[in-house]
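This is query_17.txt (compact mmCIF, C-alpha atoms).
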```txt
# COMPACT_ATOMS: atom_id res chain seq x y z
CA MET A 1 108.06 132.20 69.25
CA VAL A 2 107.11 133.67 72.64
CA LYS A 3 105.37 131.09 74.85
CA ALA A 4 103.26 131.45 77.99
CA ILE A 5 101.73 129.00 80.46
CA SER A 6 98.22 129.97 81.54
CA LEU A 7 96.89 128.78 84.89
CA PHE A 8 93.47 127.70 83.70
CA SER A 9 90.47 127.00 85.92
CA GLY A 10 88.01 127.07 83.02
CA GLY A 11 86.16 130.07 84.42
CA LEU A 12 85.51 133.13 82.31
CA ASP A 13 88.42 135.14 83.71
CA SER A 14 90.96 132.43 82.90
CA MET A 15 89.52 132.07 79.38
CA LEU A 16 89.75 135.82 78.76
CA ALA A 17 93.27 136.08 80.17
CA ALA A 18 94.54 133.29 77.92
CA GLU A 19 92.77 134.71 74.88
CA LEU A 20 94.10 138.24 75.48
CA VAL A 21 97.65 136.93 75.43
CA ARG A 22 97.13 134.61 72.47
CA ARG A 23 95.86 137.57 70.42
CA GLN A 24 99.34 139.06 70.69
CA ASN A 25 100.68 136.13 68.63
CA ILE A 26 101.97 134.35 71.73
CA ASP A 27 101.83 130.56 72.01
CA VAL A 28 99.65 129.72 75.05
CA LEU A 29 99.54 126.40 76.90
CA CYS A 30 96.77 126.10 79.47
CA LEU A 31 97.59 124.28 82.70
CA THR A 32 95.06 122.98 85.21
CA PHE A 33 95.34 120.84 88.31
CA THR A 34 93.40 118.04 89.97
CA THR A 35 93.10 116.90 93.59
CA PRO A 36 90.35 115.05 95.47
CA PHE A 37 88.80 118.51 96.01
CA PHE A 38 88.57 119.78 92.43
CA ASN A 39 88.82 118.27 88.96
CA ALA A 40 89.65 119.31 85.41
CA GLN A 41 86.23 118.97 83.78
CA LYS A 42 85.43 122.68 83.59
CA ALA A 43 88.92 123.50 82.31
CA GLN A 44 88.74 120.77 79.66
CA SER A 45 85.41 122.05 78.36
CA ALA A 46 86.60 125.68 78.31
CA ALA A 47 89.90 124.86 76.60
CA ARG A 48 88.05 123.02 73.84
CA GLN A 49 85.76 126.01 73.34
CA ILE A 50 88.61 128.48 72.77
CA ASN A 51 90.76 125.88 71.01
CA LEU A 52 93.80 126.00 73.26
CA PRO A 53 95.93 123.01 74.38
CA LEU A 54 95.48 121.96 78.00
CA ALA A 55 97.85 120.09 80.31
CA VAL A 56 96.34 118.43 83.39
CA GLU A 57 98.48 117.65 86.45
CA ASP A 58 97.52 115.80 89.62
CA ILE A 59 98.98 117.71 92.59
CA THR A 60 97.31 115.72 95.38
CA VAL A 61 100.47 114.97 97.36
CA GLU A 62 101.73 118.56 97.41
CA HIS A 63 98.26 119.97 97.98
CA LEU A 64 97.48 117.74 100.98
CA LYS A 65 100.76 118.67 102.62
CA MET A 66 99.92 122.36 102.21
CA LEU A 67 96.27 121.89 103.26
CA LYS A 68 97.10 120.51 106.70
CA SER A 69 99.06 123.60 107.68
CA PRO A 70 98.57 126.55 105.32
CA ARG A 71 100.84 129.48 106.09
CA TYR A 72 98.07 132.03 105.54
CA GLY A 73 95.25 129.99 107.02
CA TYR A 74 91.81 129.21 105.63
CA GLY A 75 88.97 131.21 104.17
CA ARG A 76 85.40 130.94 105.40
CA ASN A 77 85.56 127.15 105.37
CA MET A 78 88.71 125.08 104.79
CA ASN A 79 89.86 126.79 101.61
CA PRO A 80 93.50 127.95 101.85
CA CYS A 81 93.21 130.18 98.77
CA ILE A 82 96.42 132.18 99.16
CA ASP A 83 98.56 129.11 99.84
CA CYS A 84 96.77 127.14 97.11
CA HIS A 85 97.43 129.82 94.47
CA THR A 86 101.04 130.03 95.63
CA LEU A 87 101.48 126.27 95.22
CA MET A 88 99.96 126.30 91.75
CA LEU A 89 102.25 129.14 90.66
CA GLN A 90 105.29 127.33 92.09
CA ILE A 91 104.45 124.26 90.03
CA ALA A 92 103.72 126.35 86.93
CA GLY A 93 107.00 128.21 87.41
CA LYS A 94 109.00 125.00 87.51
CA LYS A 95 107.23 123.80 84.38
CA MET A 96 107.97 127.15 82.71
CA GLU A 97 111.69 126.77 83.44
CA GLU A 98 111.82 123.11 82.38
CA THR A 99 110.01 123.66 79.08
CA GLY A 100 111.41 127.01 77.97
CA PHE A 101 108.27 129.11 78.34
CA ASP A 102 108.63 132.84 78.90
CA PHE A 103 106.03 133.75 81.53
CA ILE A 104 102.90 132.64 83.39
CA ILE A 105 99.33 133.95 82.96
CA THR A 106 96.58 133.95 85.56
CA GLY A 107 92.99 135.15 85.32
CA GLU A 108 93.06 136.97 88.65
CA VAL A 109 91.33 140.35 88.82
CA LEU A 110 92.45 142.94 91.35
CA GLY A 111 89.81 143.35 94.06
CA GLN A 112 87.47 140.64 92.77
CA ARG A 113 87.91 138.57 95.92
CA PRO A 114 88.46 140.80 98.94
CA MET A 115 90.74 138.41 100.84
CA SER A 116 92.73 136.57 98.17
CA GLN A 117 92.83 139.09 95.31
CA ASN A 118 93.59 142.39 96.98
CA LYS A 119 96.85 144.04 96.00
CA GLN A 120 98.75 142.78 99.03
CA SER A 121 97.58 139.18 98.52
CA LEU A 122 98.50 139.21 94.83
CA TYR A 123 101.95 140.49 95.79
CA VAL A 124 102.40 137.87 98.53
CA VAL A 125 101.32 135.01 96.25
CA ALA A 126 103.68 136.10 93.48
CA LYS A 127 106.62 136.64 95.86
CA ASN A 128 106.17 133.35 97.72
CA SER A 129 105.85 131.39 94.49
CA GLY A 130 109.43 132.31 93.64
CA TYR A 131 108.44 133.77 90.26
CA PRO A 132 107.17 137.30 91.01
CA ASP A 133 108.61 138.84 87.84
CA TYR A 134 107.09 136.17 85.58
CA ILE A 135 103.43 136.25 86.63
CA LEU A 136 101.17 138.26 84.33
CA ARG A 137 97.58 139.08 85.24
CA PRO A 138 96.32 140.36 81.87
CA LEU A 139 92.89 141.49 83.05
CA SER A 140 94.37 143.91 85.61
CA ALA A 141 97.90 144.34 84.24
CA GLN A 142 97.67 148.08 83.59
CA ILE A 143 97.00 148.81 87.27
CA LEU A 144 99.74 146.45 88.51
CA ASP A 145 103.49 146.77 88.25
CA PRO A 146 104.86 145.58 84.88
CA ILE A 147 106.61 142.23 84.85
CA LYS A 148 109.73 141.27 82.92
CA ALA A 149 107.83 140.25 79.78
CA GLU A 150 106.24 143.70 79.62
CA ARG A 151 109.48 145.55 80.26
CA ASP A 152 111.25 143.44 77.62
CA LYS A 153 108.46 144.27 75.13
CA ILE A 154 107.70 140.63 74.36
CA ILE A 155 104.10 141.46 75.20
CA ASP A 156 102.40 144.81 74.57
CA ARG A 157 101.22 146.19 77.92
CA SER A 158 98.96 148.72 76.17
CA GLN A 159 96.78 145.86 74.88
CA LEU A 160 96.24 144.48 78.37
CA LEU A 161 93.43 145.63 80.66
CA SER A 162 92.75 147.51 83.89
CA ILE A 163 89.74 145.65 85.28
CA GLN A 164 89.25 145.72 89.02
CA GLY A 165 86.52 145.04 91.54
CA ARG A 166 83.77 142.47 91.83
CA GLY A 167 81.65 143.54 88.88
CA ARG A 168 81.47 141.36 85.78
CA LYS A 169 80.31 143.83 83.09
CA ASP A 170 83.75 144.27 81.54
CA GLN A 171 84.39 140.55 81.37
CA ILE A 172 80.96 139.79 79.90
CA LYS A 173 81.42 142.44 77.22
CA LEU A 174 84.90 141.15 76.40
CA ALA A 175 83.57 137.60 76.15
CA ALA A 176 81.00 138.77 73.61
CA ASP A 177 83.72 140.57 71.64
CA PHE A 178 85.81 137.39 71.62
CA GLY A 179 82.83 135.21 70.65
CA ILE A 180 82.91 133.31 73.92
CA LYS A 181 79.28 132.38 74.58
CA ASP A 182 79.41 129.44 76.96
CA TYR A 183 81.14 129.84 80.29
CA ALA A 184 80.64 128.67 83.84
CA PRO A 185 79.34 130.97 86.59
CA PRO A 186 82.03 132.49 88.83
CA ALA A 187 83.36 130.58 91.84
CA GLY A 188 82.33 127.08 92.80
CA GLY A 189 84.05 123.84 91.90
CA CYS A 190 86.26 123.46 94.99
CA LEU A 191 84.91 121.22 97.74
CA LEU A 192 87.04 123.05 100.29
CA THR A 193 84.57 125.95 100.10
CA ASP A 194 81.63 123.67 100.95
CA PRO A 195 80.67 123.85 104.66
CA MET A 196 79.42 120.26 104.94
CA PHE A 197 82.41 118.76 103.16
CA THR A 198 84.88 120.73 105.25
CA ARG A 199 83.21 119.61 108.50
CA ARG A 200 83.78 116.04 107.38
CA LEU A 201 87.35 116.79 106.34
CA ARG A 202 88.20 118.37 109.69
CA ASP A 203 86.65 115.35 111.40
CA LEU A 204 88.79 113.00 109.30
CA PHE A 205 91.99 114.93 110.01
CA SER A 206 91.25 114.98 113.76
CA HIS A 207 90.40 111.27 114.07
CA GLN A 208 92.51 109.50 111.48
CA GLU A 209 96.16 110.44 111.13
CA ASP A 210 96.77 107.98 108.31
CA HIS A 211 94.38 108.59 105.43
CA ASP A 212 94.50 108.29 101.68
CA ILE A 213 92.58 109.36 98.58
CA HIS A 214 90.01 106.64 99.24
CA ASP A 215 89.17 108.23 102.61
CA LEU A 216 88.87 111.64 100.98
CA ASP A 217 86.62 110.34 98.22
CA LEU A 218 84.27 108.80 100.79
CA LEU A 219 83.69 112.27 102.26
CA LYS A 220 81.80 113.27 99.11
CA TYR A 221 78.90 110.85 99.49
CA GLY A 222 76.19 109.93 101.96
CA ARG A 223 75.47 110.92 105.55
CA HIS A 224 78.46 110.63 107.88
CA PHE A 225 78.18 109.66 111.54
CA ARG A 226 81.09 109.77 114.02
CA VAL A 227 80.50 107.52 117.02
CA ASP A 228 82.83 108.96 119.64
CA ASP A 229 86.26 107.44 119.04
CA GLN A 230 84.94 104.07 117.86
CA GLY A 231 84.80 105.02 114.21
CA LYS A 232 82.52 106.25 111.48
CA ILE A 233 79.41 105.05 109.67
CA ILE A 234 78.45 106.27 106.20
CA VAL A 235 74.85 105.95 104.99
CA GLY A 236 73.83 106.55 101.36
CA ARG A 237 71.18 109.23 100.83
CA ASN A 238 69.92 108.20 97.39
CA ASN A 239 70.59 105.81 94.52
CA SER A 240 73.50 107.88 93.24
CA ASP A 241 75.16 107.88 96.67
CA ASN A 242 74.54 104.16 97.03
CA GLU A 243 76.21 103.43 93.72
CA LYS A 244 79.25 105.56 94.56
CA LEU A 245 79.59 103.94 97.98
CA ARG A 246 79.43 100.50 96.38
CA GLU A 247 82.26 101.48 94.06
CA LEU A 248 84.36 102.90 96.90
CA SER A 249 83.84 100.14 99.46
CA THR A 250 86.82 97.81 99.98
CA ASP A 251 87.30 94.34 101.46
CA ASN A 252 88.38 95.96 104.72
CA ASP A 253 85.04 97.74 105.14
CA LEU A 254 81.87 96.37 106.64
CA VAL A 255 79.04 96.84 104.12
CA LEU A 256 75.34 96.69 104.97
CA PHE A 257 72.09 96.86 103.02
CA MET A 258 68.46 95.88 103.53
CA ALA A 259 67.40 92.33 102.77
CA ASP A 260 63.73 92.95 101.98
CA PHE A 261 63.15 96.70 101.59
CA PRO A 262 64.63 99.47 99.46
CA GLY A 263 67.25 101.26 101.51
CA PRO A 264 70.71 102.75 101.75
CA HIS A 265 74.15 101.31 101.15
CA VAL A 266 75.97 101.58 104.48
CA ILE A 267 79.71 101.40 105.08
CA ILE A 268 81.72 101.06 108.28
CA PRO A 269 85.17 102.06 107.02
CA LEU A 270 87.95 99.75 108.23
CA GLY A 271 85.34 97.29 109.44
CA ASN A 272 84.96 98.09 113.16
CA ILE A 273 82.66 95.25 114.21
CA ALA A 274 81.64 97.07 117.40
CA LEU A 275 79.69 99.54 115.26
CA LEU A 276 77.69 96.85 113.47
CA PRO A 277 74.48 97.02 115.62
CA LEU A 278 74.32 100.81 115.32
CA ALA A 279 75.07 100.74 111.57
CA ALA A 280 72.32 98.17 111.07
CA SER A 281 69.85 100.39 112.95
CA PHE A 282 70.85 103.34 110.73
CA CYS A 283 70.32 101.15 107.67
CA VAL A 284 66.77 100.40 108.81
CA ARG A 285 66.11 104.01 109.82
CA TYR A 286 66.87 105.35 106.34
CA SER A 287 65.14 102.50 104.48
CA ASP A 288 61.51 101.97 103.51
CA ALA A 289 61.04 99.44 106.34
CA PRO A 290 58.46 100.35 109.02
CA ASN A 291 60.28 102.13 111.85
CA ASP A 292 58.49 100.17 114.56
CA LEU A 293 59.34 96.72 113.19
CA GLU A 294 62.49 94.63 113.26
CA ALA A 295 63.93 94.15 109.78
CA GLU A 296 66.69 92.03 108.25
CA VAL A 297 69.96 93.65 107.25
CA VAL A 298 72.62 91.94 105.13
CA CYS A 299 76.18 92.45 106.34
CA LEU A 300 79.17 91.75 104.09
CA HIS A 301 82.78 91.64 105.26
CA LYS A 302 85.59 90.33 103.08
CA ASN A 303 84.33 86.98 101.75
CA SER A 304 81.62 86.34 104.33
CA SER A 305 78.03 87.50 104.75
CA GLU A 306 75.40 87.27 107.45
CA ILE A 307 71.90 88.54 108.11
CA ILE A 308 71.20 90.42 111.31
CA LYS A 309 67.95 91.82 112.63
CA ALA A 310 67.62 95.43 113.73
CA LYS A 311 65.08 98.12 114.53
CA ALA A 312 65.35 101.65 113.21
CA ALA A 313 67.66 103.97 115.14
CA ALA A 314 65.97 106.69 117.15
CA LYS A 315 65.94 110.13 115.57
CA GLU A 316 67.89 111.59 118.49
CA ASP A 317 70.68 109.02 118.00
CA CYS A 318 70.99 109.99 114.33
CA GLU A 319 71.14 113.68 115.27
CA ARG A 320 73.64 112.96 118.04
CA TRP A 321 76.23 111.28 115.85
CA ILE A 322 75.86 113.01 112.50
CA ILE A 323 78.83 115.07 111.36
```
Can you present the structure in this file as structure tokens?
Amino acid sequence: MVKAISLFSGGLDSMLAAELVRRQNIDVLCLTFTTPFFNAQKAQSAARQINLPLAVEDITVEHLKMLKSPRYGYGRNMNPCIDCHTLMLQIAGKKMEETGFDFIITGEVLGQRPMSQNKQSLYVVAKNSGYPDYILRPLSAQILDPIKAERDKIIDRSQLLSIQGRGRKDQIKLAADFGIKDYAPPAGGCLLTDPMFTRRLRDLFSHQEDHDIHDLDLLKYGRHFRVDDQGKIIVGRNNSDNEKLRELSTDNDLVLFMADFPGPHVIIPLGNIALLPLAASFCVRYSDAPNDLEAEVVCLHKNSSEIIKAKAAAKEDCERWII
């Protein structure tokens, strides 16, 4: 039985690519990856819909190493798409060799993304992965050079496609032909393409050499304030943020919340006590307490608690420190 590993984001293109190959009586295993910047939820939903097995691998360690110094740089924000695709194909290639699969499938379409899916970029990604003759792009295969599986006739090249460009008409029609009715909109899903998140990530990298997944998870919630080189304050924006920040806070953090008014959950990561007065004033500023009155703020650190009084921070101070 011929077997293929399909890099599987859960988007329409990856669903169609996997289905095109499966329809040639080839055993397809979908493979998706997780990091603090993207998860497997979309891929899991899509794999269930087309009834294909899905393997999920956490590649955080390898991805972070690549992210700090990508060979081909970043996209518009902090998304190293070419290096990221290369890494994923390297990992898929190793899995292919270890498990006896025959080739790798991706849902890439020639010309769909001007920077990362032009012909040169597709060639560079395949070459640098170490598996250039094993990477099949079924949606554009007929306008790309044939790979080993095509030359060896273990897959019929004539049944593959020649889609190119940014249009979606061909994919939408093919989805209807395949009975695929529910699929996510193109793009999205990676926090590294989000301008606000990437500002926070750059700030973290520039101020904190030692960081872990906890630090990265904190970037996803609340308002973030960098107070020169003293440290950072995180202020919840809504109930959902507050709940997430409660879950993520540790014994090493200073945690603040209002004593008598609805308000935000505030964290000083690593518990820099010098930031406590400013954090308390932020807590009051973003609470329902009157801005012109002193209010009580509860401060928790490790196993101790105290109540401090603070007035709301001035608007210009908030704007000065916000990341």
| task | Between A:Val125, A:Ile155, A:Ile135, A:Leu64, single out the one closest to Ile26 in chain A, counting only C-alpha atoms. | result | A:Ile155
| note | Correct to one decimal, the distance CA of Arg48 in chain A-CA of Ile104 in chain A is 20.1 Å
| Residues within 9 Å of (62.6, 100.7, 114.1), counting all atoms listed in the file, listed as a ChimeraX atom specification | /A:281,284-285,289-295,310-314
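Remark: for Lys220 in chain A, the closest of the candidate residues A:Pro36, A:Pro185, A:Gly130, A:Gly165 is A:Pro36 (distances computed over all atoms listed in the file).
Ranking A:Leu139, A:Ala92, A:Gln208, A:Asn238 by their shortest atom-to-atom distance to Leu174 in chain A, with all atoms listed in the file included, puts A:Leu139 first.
If you look at CA of Phe101 in chain A and CA of Val124 in chain A, they are 22.8 Å away from each other.
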| Between A:Ile5, A:Val56, A:Ile268, A:Ile322, which has the minimum distance to Glu98 in chain A (counting all atoms listed in the file)? | A:Ile5
Report, as lines of an AutoDock Vina configuration file, the axis-aligned box around all atoms of range 8-21 of chain A present in the file, extended by 4 Å on each side; give centre and edge lengths in Å to one decimal place.
```
center_x = 91.6
center_y = 132.6
center_z = 80.4
size_x = 20.1
size_y = 19.2
size_z = 19.0
```
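The set of protein, DNA and RNA residues with any counted atom at most 12 Å from (85.2, 119.5, 82.2) (only C-alpha atoms) reads Phe8, Ser9, Gly10, Gly11, Thr32, Phe33, Thr34, Phe38, Asn39, Ala40, Gln41, Lys42, Ala43, Gln44, Ser45, Ala46, Ala47, Arg48, Gln49, Leu54, Val56, Tyr183, Ala184 and Gly189 of chain A.
Checking A:Tyr134, A:Phe197, A:Tyr123, A:Phe205 one by one against Tyr221 in chain A, counting all atoms listed in the file, you find the shortest gap at A:Phe197.
Among the candidates A:Leu67, A:Leu161, A:Ile82, A:Ala149, the residue lying nearest to Asn128 in chain A is A:Ile82 (atoms considered: all atoms listed in the file).
Residues in contact with Leu136 in chain A at 8 Å, where all atoms listed in the file are counted and same-chain residues fewer than 6 positions away are skipped, are listed as Phe103, Ile104, Ile105, Thr106 and Ile147 of chain A.
The space between CA of His85 in chain A and CA of Arg199 in chain A spans 22.4 Å.
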| Residue neighbourhood range 249-263 of chain A, 6 Å, all atoms listed in the file, exclusion window fewer than 6 positions, as JSON, numbers by chain | {"A": [269, 270, 271, 287, 288, 289, 296, 297, 298, 299, 300, 301, 302]}
I need the chosen residues saved as a compact mmCIF listing (two decimals), in the frame of the given file, with C-alpha atoms.
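Contents of result.txt, freshly written:
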```txt
# COMPACT_ATOMS: atom_id res chain seq x y z
CA PRO A 269 85.17 102.06 107.02
CA LEU A 270 87.95 99.75 108.23
CA GLY A 271 85.34 97.29 109.44
CA SER A 287 65.14 102.50 104.48
CA ASP A 288 61.51 101.97 103.51
CA ALA A 289 61.04 99.44 106.34
CA GLU A 296 66.69 92.03 108.25
CA VAL A 297 69.96 93.65 107.25
CA VAL A 298 72.62 91.94 105.13
CA CYS A 299 76.18 92.45 106.34
CA LEU A 300 79.17 91.75 104.09
CA HIS A 301 82.78 91.64 105.26
CA LYS A 302 85.59 90.33 103.08
```
